[in-house]
file upload33.txt (compact mmCIF, C-alpha atoms)
# COMPACT_ATOMS: atom_id res chain seq x y z
CA MET A 1 -50.08 -80.94 11.15
CA THR A 2 -50.81 -78.98 7.94
CA ASP A 3 -48.23 -76.97 5.97
CA ASP A 4 -49.75 -73.72 7.23
CA GLU A 5 -49.53 -74.84 10.84
CA ARG A 6 -45.91 -75.89 10.29
CA LEU A 7 -45.09 -72.46 8.86
CA GLN A 8 -46.82 -70.70 11.75
CA GLN A 9 -44.86 -72.82 14.20
CA LEU A 10 -41.64 -71.94 12.37
CA LEU A 11 -42.47 -68.22 12.61
CA ARG A 12 -43.19 -68.46 16.32
CA SER A 13 -40.04 -70.43 17.01
CA ALA A 14 -37.83 -68.13 14.92
CA LEU A 15 -39.16 -64.77 16.10
CA ALA A 16 -39.77 -63.98 19.74
CA PRO A 17 -42.97 -62.28 20.86
CA THR A 18 -42.29 -58.78 22.15
CA SER A 19 -44.79 -58.54 25.00
CA ASP A 20 -42.29 -58.19 27.86
CA ARG A 21 -40.10 -55.49 26.27
CA GLN A 22 -39.72 -52.07 27.93
CA ARG A 23 -38.79 -48.79 26.28
CA SER A 24 -35.27 -47.53 26.96
CA ARG A 25 -36.09 -43.94 28.02
CA ASP A 26 -38.84 -41.60 29.10
CA LEU A 27 -40.61 -40.53 25.92
CA TRP A 28 -42.81 -37.82 27.44
CA PRO A 29 -40.25 -34.98 26.90
CA LEU A 30 -40.16 -35.87 23.18
CA VAL A 31 -43.97 -35.85 22.97
CA ALA A 32 -44.18 -32.58 24.93
CA ASN A 33 -41.61 -30.93 22.64
CA ARG A 34 -43.41 -32.16 19.58
CA ILE A 35 -46.76 -30.71 20.59
CA GLN A 36 -45.15 -27.37 21.44
CA VAL A 37 -43.69 -26.91 17.98
CA ARG A 38 -46.02 -24.69 16.01
CA ALA A 39 -47.17 -25.90 12.64
CA ARG A 40 -44.83 -24.44 10.04
CA TRP A 41 -45.78 -23.44 6.54
CA SER A 42 -44.47 -25.82 3.91
CA TRP A 43 -43.00 -24.63 0.61
CA LEU A 44 -46.25 -25.64 -1.04
CA ASP A 45 -48.26 -23.43 1.34
CA VAL A 46 -45.94 -20.48 0.79
CA SER A 47 -45.99 -20.94 -3.00
CA LEU A 48 -49.77 -21.18 -3.07
CA ALA A 49 -50.15 -18.05 -0.92
CA ALA A 50 -47.71 -16.18 -3.17
CA VAL A 51 -49.58 -17.21 -6.32
CA VAL A 52 -52.92 -16.12 -4.82
CA ALA A 53 -51.44 -12.78 -3.73
CA ILE A 54 -49.96 -12.11 -7.18
CA VAL A 55 -53.20 -13.08 -8.93
CA LEU A 56 -55.17 -10.75 -6.66
CA LEU A 57 -52.76 -7.89 -7.35
CA VAL A 58 -53.14 -8.37 -11.09
CA PHE A 59 -56.89 -9.08 -11.00
CA PRO A 60 -58.30 -7.38 -7.87
CA ASP A 61 -61.88 -8.14 -8.96
CA TRP A 62 -61.19 -11.82 -8.41
CA LEU A 63 -61.17 -11.16 -4.67
CA PHE A 64 -64.96 -11.48 -4.72
CA LEU A 65 -64.67 -14.83 -6.46
CA LEU A 66 -62.17 -16.01 -3.82
CA ALA A 67 -64.32 -14.66 -0.98
CA TYR A 68 -67.33 -16.48 -2.43
CA HIS A 69 -65.42 -19.80 -2.42
CA LEU A 70 -64.14 -19.29 1.11
CA MET B 1 -54.83 -51.52 27.23
CA PRO B 2 -55.87 -50.17 30.65
CA ASP B 3 -59.11 -48.35 30.14
CA GLN B 4 -60.47 -47.46 33.57
CA LEU B 5 -60.55 -43.77 32.75
CA ASP B 6 -62.80 -41.19 34.26
CA ALA B 7 -64.75 -39.11 31.79
CA ASP B 8 -63.40 -35.91 33.31
CA LEU B 9 -59.80 -36.78 32.37
CA LEU B 10 -60.85 -37.50 28.79
CA ARG B 11 -62.94 -34.33 28.60
CA ARG B 12 -59.98 -32.27 29.82
CA PHE B 13 -57.74 -33.96 27.25
CA VAL B 14 -60.19 -33.22 24.44
CA HIS B 15 -60.26 -29.57 25.53
CA GLY B 16 -56.47 -29.36 25.33
CA ASP B 17 -55.48 -29.72 29.00
CA ARG B 18 -51.78 -30.66 28.92
CA ASP B 19 -51.77 -32.25 32.39
CA ALA B 20 -54.64 -34.51 31.37
CA PHE B 21 -52.75 -35.45 28.22
CA GLU B 22 -49.64 -36.31 30.24
CA ALA B 23 -51.76 -38.39 32.64
CA LEU B 24 -53.15 -40.31 29.67
CA PHE B 25 -49.66 -40.70 28.23
CA ARG B 26 -48.35 -42.12 31.51
CA GLN B 27 -51.26 -44.53 31.71
CA PHE B 28 -51.02 -45.83 28.15
CA GLU B 29 -47.38 -45.42 27.08
CA VAL B 30 -46.33 -48.96 28.01
CA GLU B 31 -49.14 -50.59 26.09
CA VAL B 32 -48.72 -48.27 23.12
CA TYR B 33 -45.00 -49.07 23.06
CA ARG B 34 -45.64 -52.81 23.22
CA TRP B 35 -48.22 -52.59 20.45
CA SER B 36 -45.91 -50.60 18.21
CA LEU B 37 -42.93 -52.86 18.96
CA ALA B 38 -45.07 -55.89 18.14
CA ILE B 39 -45.69 -54.40 14.70
CA VAL B 40 -42.37 -52.80 13.75
CA ARG B 41 -40.09 -55.18 15.73
CA ASP B 42 -37.41 -52.55 16.19
CA ALA B 43 -36.99 -50.83 19.57
CA SER B 44 -35.81 -47.48 18.22
CA MET B 45 -38.51 -47.34 15.55
CA ALA B 46 -41.11 -48.35 18.14
CA GLU B 47 -40.15 -45.36 20.29
CA ASP B 48 -40.51 -43.05 17.30
CA VAL B 49 -43.92 -44.59 16.65
CA VAL B 50 -45.00 -43.92 20.26
CA VAL B 51 -44.00 -40.26 20.06
CA GLU B 52 -45.70 -39.79 16.70
CA ALA B 53 -48.85 -41.66 17.79
CA PHE B 54 -49.33 -39.53 20.91
CA TRP B 55 -48.61 -36.40 18.89
CA ARG B 56 -51.27 -37.42 16.35
CA ALA B 57 -53.67 -38.20 19.20
CA HIS B 58 -53.08 -34.73 20.64
CA ARG B 59 -53.50 -33.09 17.26
CA GLY B 60 -56.69 -35.03 16.56
CA ARG B 61 -58.12 -34.88 20.09
CA ALA B 62 -61.21 -32.99 18.91
CA ARG B 63 -62.07 -36.03 16.77
CA PHE B 64 -61.93 -38.45 19.70
CA ASP B 65 -64.81 -40.90 19.37
CA TRP B 66 -66.59 -41.00 22.73
CA SER B 67 -68.33 -44.25 21.81
CA ARG B 68 -64.96 -46.05 21.83
CA SER B 69 -62.37 -46.53 24.55
CA PHE B 70 -59.24 -44.38 24.61
CA GLY B 71 -57.11 -47.53 24.45
CA ALA B 72 -58.78 -48.76 21.28
CA TRP B 73 -58.48 -45.28 19.75
CA MET B 74 -54.76 -45.16 20.58
CA ARG B 75 -54.24 -48.66 19.21
CA ARG B 76 -55.76 -47.58 15.92
CA ILE B 77 -53.62 -44.45 15.70
CA THR B 78 -50.50 -46.43 16.66
CA THR B 79 -51.21 -49.04 14.00
CA ASN B 80 -51.50 -46.34 11.33
CA VAL B 81 -48.27 -44.67 12.44
CA ALA B 82 -46.47 -48.04 12.58
CA ARG B 83 -47.68 -48.85 9.07
CA ASP B 84 -46.32 -45.50 7.82
CA HIS B 85 -42.95 -46.28 9.44
CA LEU B 86 -42.85 -49.76 7.89
CA ARG B 87 -43.60 -48.25 4.47
CA ALA B 88 -40.82 -45.71 4.95
CA ALA B 89 -38.46 -48.50 6.01
CA ARG B 90 -39.36 -50.42 2.86
CA ARG B 91 -38.63 -47.38 0.73
CA ARG B 92 -35.26 -46.98 2.49
CA ALA B 93 -34.55 -50.67 1.90
CA MET B 94 -35.11 -50.13 -1.83
CA TRP B 95 -32.17 -47.71 -1.70
CA SER B 96 -30.12 -50.44 -0.04
CA LEU B 97 -30.05 -49.08 3.50
CA PRO B 98 -30.49 -52.04 5.82
CA ILE B 99 -33.56 -52.39 8.05
CA VAL B 100 -32.55 -53.57 11.47
CA ASN B 101 -34.73 -56.09 13.27
CA ASP B 102 -33.42 -55.93 16.80
CA VAL B 103 -36.04 -58.20 18.35
CA SER B 104 -33.78 -61.16 18.78
CA ALA B 105 -34.76 -64.73 18.10
CA PRO B 106 -35.53 -67.05 21.00
CA ALA B 107 -32.45 -68.76 22.45
CA HIS B 108 -33.50 -72.14 21.08
CA ALA B 109 -33.96 -70.89 17.50
CA ASP B 110 -31.47 -71.66 14.75
CA SER B 111 -29.94 -68.24 13.93
CA GLY B 112 -29.82 -68.88 10.17
CA VAL B 113 -33.47 -69.90 10.09
CA ALA B 114 -34.47 -66.99 12.33
CA GLU B 115 -32.65 -64.55 10.06
CA ALA B 116 -34.31 -65.98 6.95
CA VAL B 117 -37.75 -65.84 8.57
CA ALA B 118 -37.19 -62.24 9.74
CA LEU B 119 -36.05 -61.27 6.26
CA ALA B 120 -39.03 -62.98 4.61
CA LEU B 121 -41.37 -61.20 7.02
CA ARG B 122 -39.80 -57.80 6.29
CA ARG B 123 -40.21 -58.37 2.57
CA LEU B 124 -43.97 -58.71 2.87
CA PRO B 125 -46.10 -55.67 2.02
CA PRO B 126 -46.73 -53.76 5.31
CA LYS B 127 -50.43 -54.60 5.39
CA LEU B 128 -49.63 -58.33 5.28
CA GLN B 129 -46.60 -57.96 7.55
CA ILE B 130 -48.73 -56.34 10.25
CA VAL B 131 -51.42 -59.03 10.31
CA ALA B 132 -48.87 -61.84 10.12
CA THR B 133 -46.89 -60.41 13.03
CA LEU B 134 -49.87 -59.66 15.23
CA ALA B 135 -51.87 -62.81 14.48
CA ILE B 136 -49.15 -65.44 14.22
CA ILE B 137 -46.15 -64.29 16.25
CA GLU B 138 -47.87 -62.16 18.90
CA GLU B 139 -51.02 -64.34 18.83
CA ARG B 140 -53.38 -61.38 19.24
CA PRO B 141 -57.09 -62.06 18.77
CA TYR B 142 -58.45 -61.42 15.27
CA ALA B 143 -61.10 -59.07 16.67
CA GLU B 144 -58.44 -56.87 18.28
CA ILE B 145 -56.39 -56.75 15.06
CA ALA B 146 -59.51 -56.00 13.02
CA ASP B 147 -60.40 -53.13 15.34
CA ALA B 148 -56.90 -51.67 15.18
CA LEU B 149 -56.83 -51.86 11.39
CA GLU B 150 -60.44 -50.72 10.93
CA LEU B 151 -61.18 -53.87 8.96
CA PRO B 152 -63.76 -56.66 9.21
CA VAL B 153 -62.51 -59.82 10.96
CA GLY B 154 -62.98 -61.75 7.69
CA THR B 155 -60.57 -59.42 5.90
CA VAL B 156 -57.97 -59.93 8.63
CA LYS B 157 -58.31 -63.71 8.28
CA SER B 158 -57.92 -63.48 4.53
CA ARG B 159 -54.82 -61.27 4.94
CA VAL B 160 -53.31 -63.78 7.35
CA PHE B 161 -53.92 -66.49 4.74
CA ARG B 162 -52.31 -64.35 2.02
CA ALA B 163 -49.40 -63.51 4.32
CA ILE B 164 -48.73 -67.19 5.01
CA ARG B 165 -48.78 -67.96 1.29
CA ALA B 166 -46.45 -65.03 0.53
CA LEU B 167 -44.13 -66.02 3.38
CA ARG B 168 -43.90 -69.57 2.08
CA GLU B 169 -42.95 -68.27 -1.38
CA GLU B 170 -40.41 -65.86 0.10
CA LEU B 171 -38.84 -68.56 2.31
CA ALA B 172 -38.62 -70.89 -0.70
CA ARG B 173 -36.77 -68.13 -2.57
CA LEU B 174 -34.39 -67.92 0.41
CA GLY B 175 -33.85 -71.67 0.21
CA LEU B 176 -35.95 -72.63 3.21
CA GLN B 177 -38.77 -75.15 2.84
CA PRO B 178 -41.06 -75.01 5.89

call {"tool": "encode", "arguments": {"input": "upload33.txt", "output": "structure tokens"}}
result
Amino acid sequence: MTDDERLQQLLRSALAPTSDRQRSRDLWPLVANRIQVRARWSWLDVSLAAVVAIVLLVFPDWLFLLAYHL
Amino acid sequence: MPDQLDADLLRRFVHGDRDAFEALFRQFEVEVYRWSLAIVRDASMAEDVVVEAFWRAHRGRARFDWSRSFGAWMRRITTNVARDHLRAARRRAMWSLPIVNDVSAPAHADSGVAEAVALALRRLPPKLQIVATLAIIEERPYAEIADALELPVGTVKSRVFRAIRALREELARLGLQP
């Protein structure tokens, strides 16, 4: 038996495979709640939107530039 | 994973039908849980992984690849979510919060050795930890691991080799010579 095989055997004997484990509760309600939560704006999104709005108020002509890139 | 799905169920899921999504969840939750538990080896974390993986699947349903099976697609998503959780656990460990490995050792295993092996495994980088766990402990086929990780089989084999080498070094540091 090589060193690698010995190490693999040690791993298998020390740590049990998990194939027969069952989850402790019904997870569907958690998944259903999660998909119902609407995506919220992060602080980064809000900051970026605020910066764009301020820039457009100061330089209204830049709206065309923004529209072109969108 | 069970993959005897009718195309209509998948089509309804892709179009956002919640009942179809729940039917898919019920059909695949056990396998997804087992796959995630095999990777993260913590029951509570595995449940979080399942919820996040199905949420990501729902969010990305429009990108479902019809050339692949739903089971293989879920396995890939679950592997990515599990890897993210392992990385987060590593970051928490750096701030000294303990990572719990609640998958107990077999009854015949020496508890000191089992603890050292579990610790050495947790100290591996997540990408090596995942292949070592799936290939060596869970004895999953290389092709299945490669598919879940979106890697060639050769890369998986090389990662297993690197993981074994890193584990040996880590166990030596812990005073265990395999």

call {"tool": "interface_residues", "arguments": {"input": "upload33.txt", "of": "chain A", "to": "chain B", "cutoff": "9 Å", "atoms": "only C-alpha atoms", "output": "ChimeraX atom specification"}}
result
/A:3-4,6-25,27-28,30-32,34-35

call {"tool": "atom_distance", "arguments": {"input": "upload33.txt", "atom1": "CA of Leu66 (chain A)", "atom2": "CA of Ser47 (chain A)"}}
result
16.9 Å

call {"tool": "atom_distance", "arguments": {"input": "upload33.txt", "atom1": "CA of Arg83 (chain B)", "atom2": "CA of Phe13 (chain B)"}}
result
25.6 Å

call {"tool": "atom_distance", "arguments": {"input": "upload33.txt", "atom1": "CA of Leu149 (chain B)", "atom2": "CA of Thr78 (chain B)"}}
result
9.9 Å

call {"tool": "residues_around", "arguments": {"input": "upload33.txt", "residues": "Arg162 (chain B)", "least_positions_apart": "3", "cutoff": "12 Å", "atoms": "all atoms listed in the file", "output": "PyMOL selection string"}}
result
(chain A and resi 4) or (chain B and resi 124-125+127-129+131-132+155-159+165-169)

call {"tool": "residues_around", "arguments": {"input": "upload33.txt", "residues": "Leu63 (chain A)", "least_positions_apart": "6", "cutoff": "10 Å", "atoms": "all atoms listed in the file", "output": "ChimeraX atom specification"}}
result
/A:52-53,55-57,69

call {"tool": "axis_aligned_box", "arguments": {"input": "upload33.txt", "around": "region 8-12 of chain A", "padding_each_side": "5 Å", "output": "AutoDock Vina command-line options"}}
result
--center_x -44.2 --center_y -70.5 --center_z 14.0 --size_x 15.2 --size_y 14.6 --size_z 14.6

call {"tool": "build_atoms", "arguments": {"input": "upload33.txt", "residues": "region 43-71 of chain B", "atoms": "N, CA and C atoms", "output": "mmCIF file, keeping the file's coordinate frame"}}
result
data_model
loop_
_atom_site.group_PDB
_atom_site.id
_atom_site.type_symbol
_atom_site.label_atom_id
_atom_site.label_comp_id
_atom_site.auth_asym_id
_atom_site.auth_seq_id
_atom_site.Cartn_x
_atom_site.Cartn_y
_atom_site.Cartn_z
ATOM 1 N N ALA B 43 -36.763 -51.618 18.351
ATOM 2 C CA ALA B 43 -36.990 -50.830 19.570
ATOM 3 C C ALA B 43 -36.938 -49.323 19.296
ATOM 4 N N SER B 44 -35.962 -48.911 18.494
ATOM 5 C CA SER B 44 -35.810 -47.480 18.220
ATOM 6 C C SER B 44 -36.998 -46.966 17.398
ATOM 7 N N MET B 45 -37.372 -47.744 16.381
ATOM 8 C CA MET B 45 -38.510 -47.340 15.550
ATOM 9 C C MET B 45 -39.794 -47.325 16.371
ATOM 10 N N ALA B 46 -39.914 -48.285 17.296
ATOM 11 C CA ALA B 46 -41.110 -48.350 18.140
ATOM 12 C C ALA B 46 -41.238 -47.108 19.003
ATOM 13 N N GLU B 47 -40.104 -46.592 19.486
ATOM 14 C CA GLU B 47 -40.150 -45.360 20.290
ATOM 15 C C GLU B 47 -40.578 -44.175 19.436
ATOM 16 N N ASP B 48 -40.077 -44.126 18.212
ATOM 17 C CA ASP B 48 -40.510 -43.050 17.300
ATOM 18 C C ASP B 48 -42.017 -43.145 17.043
ATOM 19 N N VAL B 49 -42.489 -44.380 16.902
ATOM 20 C CA VAL B 49 -43.920 -44.590 16.650
ATOM 21 C C VAL B 49 -44.748 -44.089 17.842
ATOM 22 N N VAL B 50 -44.275 -44.367 19.055
ATOM 23 C CA VAL B 50 -45.000 -43.920 20.260
ATOM 24 C C VAL B 50 -45.117 -42.400 20.274
ATOM 25 N N VAL B 51 -44.001 -41.734 20.031
ATOM 26 C CA VAL B 51 -44.000 -40.260 20.060
ATOM 27 C C VAL B 51 -44.955 -39.714 19.005
ATOM 28 N N GLU B 52 -44.849 -40.262 17.798
ATOM 29 C CA GLU B 52 -45.700 -39.790 16.700
ATOM 30 C C GLU B 52 -47.179 -40.095 16.971
ATOM 31 N N ALA B 53 -47.453 -41.272 17.532
ATOM 32 C CA ALA B 53 -48.850 -41.660 17.790
ATOM 33 C C ALA B 53 -49.481 -40.735 18.826
ATOM 34 N N PHE B 54 -48.757 -40.432 19.901
ATOM 35 C CA PHE B 54 -49.330 -39.530 20.910
ATOM 36 C C PHE B 54 -49.446 -38.109 20.356
ATOM 37 N N TRP B 55 -48.506 -37.727 19.499
ATOM 38 C CA TRP B 55 -48.610 -36.400 18.890
ATOM 39 C C TRP B 55 -49.854 -36.335 17.989
ATOM 40 N N ARG B 56 -50.081 -37.397 17.209
ATOM 41 C CA ARG B 56 -51.270 -37.420 16.350
ATOM 42 C C ARG B 56 -52.549 -37.428 17.182
ATOM 43 N N ALA B 57 -52.498 -38.160 18.312
ATOM 44 C CA ALA B 57 -53.670 -38.200 19.200
ATOM 45 C C ALA B 57 -53.963 -36.807 19.730
ATOM 46 N N HIS B 58 -52.897 -36.095 20.116
ATOM 47 C CA HIS B 58 -53.080 -34.730 20.640
ATOM 48 C C HIS B 58 -53.624 -33.807 19.556
ATOM 49 N N ARG B 59 -53.061 -33.942 18.371
ATOM 50 C CA ARG B 59 -53.500 -33.090 17.260
ATOM 51 C C ARG B 59 -54.953 -33.370 16.892
ATOM 52 N N GLY B 60 -55.335 -34.652 16.968
ATOM 53 C CA GLY B 60 -56.690 -35.030 16.560
ATOM 54 C C GLY B 60 -57.640 -35.225 17.725
ATOM 55 N N ARG B 61 -57.319 -34.630 18.880
ATOM 56 C CA ARG B 61 -58.120 -34.880 20.090
ATOM 57 C C ARG B 61 -59.575 -34.466 19.928
ATOM 58 N N ALA B 62 -59.829 -33.445 19.096
ATOM 59 C CA ALA B 62 -61.210 -32.990 18.910
ATOM 60 C C ALA B 62 -62.035 -34.058 18.193
ATOM 61 N N ARG B 63 -61.350 -34.972 17.512
ATOM 62 C CA ARG B 63 -62.070 -36.030 16.770
ATOM 63 C C ARG B 63 -62.180 -37.320 17.588
ATOM 64 N N PHE B 64 -61.829 -37.246 18.874
ATOM 65 C CA PHE B 64 -61.930 -38.450 19.700
ATOM 66 C C PHE B 64 -63.362 -38.974 19.694
ATOM 67 N N ASP B 65 -63.492 -40.266 19.452
ATOM 68 C CA ASP B 65 -64.810 -40.900 19.370
ATOM 69 C C ASP B 65 -65.208 -41.372 20.770
ATOM 70 N N TRP B 66 -66.194 -40.697 21.349
ATOM 71 C CA TRP B 66 -66.590 -41.000 22.730
ATOM 72 C C TRP B 66 -67.268 -42.353 22.857
ATOM 73 N N SER B 67 -67.675 -42.941 21.730
ATOM 74 C CA SER B 67 -68.330 -44.250 21.810
ATOM 75 C C SER B 67 -67.289 -45.374 21.951
ATOM 76 N N ARG B 68 -66.021 -45.038 21.751
ATOM 77 C CA ARG B 68 -64.960 -46.050 21.830
ATOM 78 C C ARG B 68 -64.071 -45.766 23.033
ATOM 79 N N SER B 69 -63.282 -46.749 23.421
ATOM 80 C CA SER B 69 -62.370 -46.530 24.550
ATOM 81 C C SER B 69 -61.126 -45.785 24.053
ATOM 82 N N PHE B 70 -60.468 -45.098 24.970
ATOM 83 C CA PHE B 70 -59.240 -44.380 24.610
ATOM 84 C C PHE B 70 -58.174 -45.362 24.139
ATOM 85 N N GLY B 71 -58.103 -46.521 24.816
ATOM 86 C CA GLY B 71 -57.110 -47.530 24.450
ATOM 87 C C GLY B 71 -57.276 -48.015 23.024
#
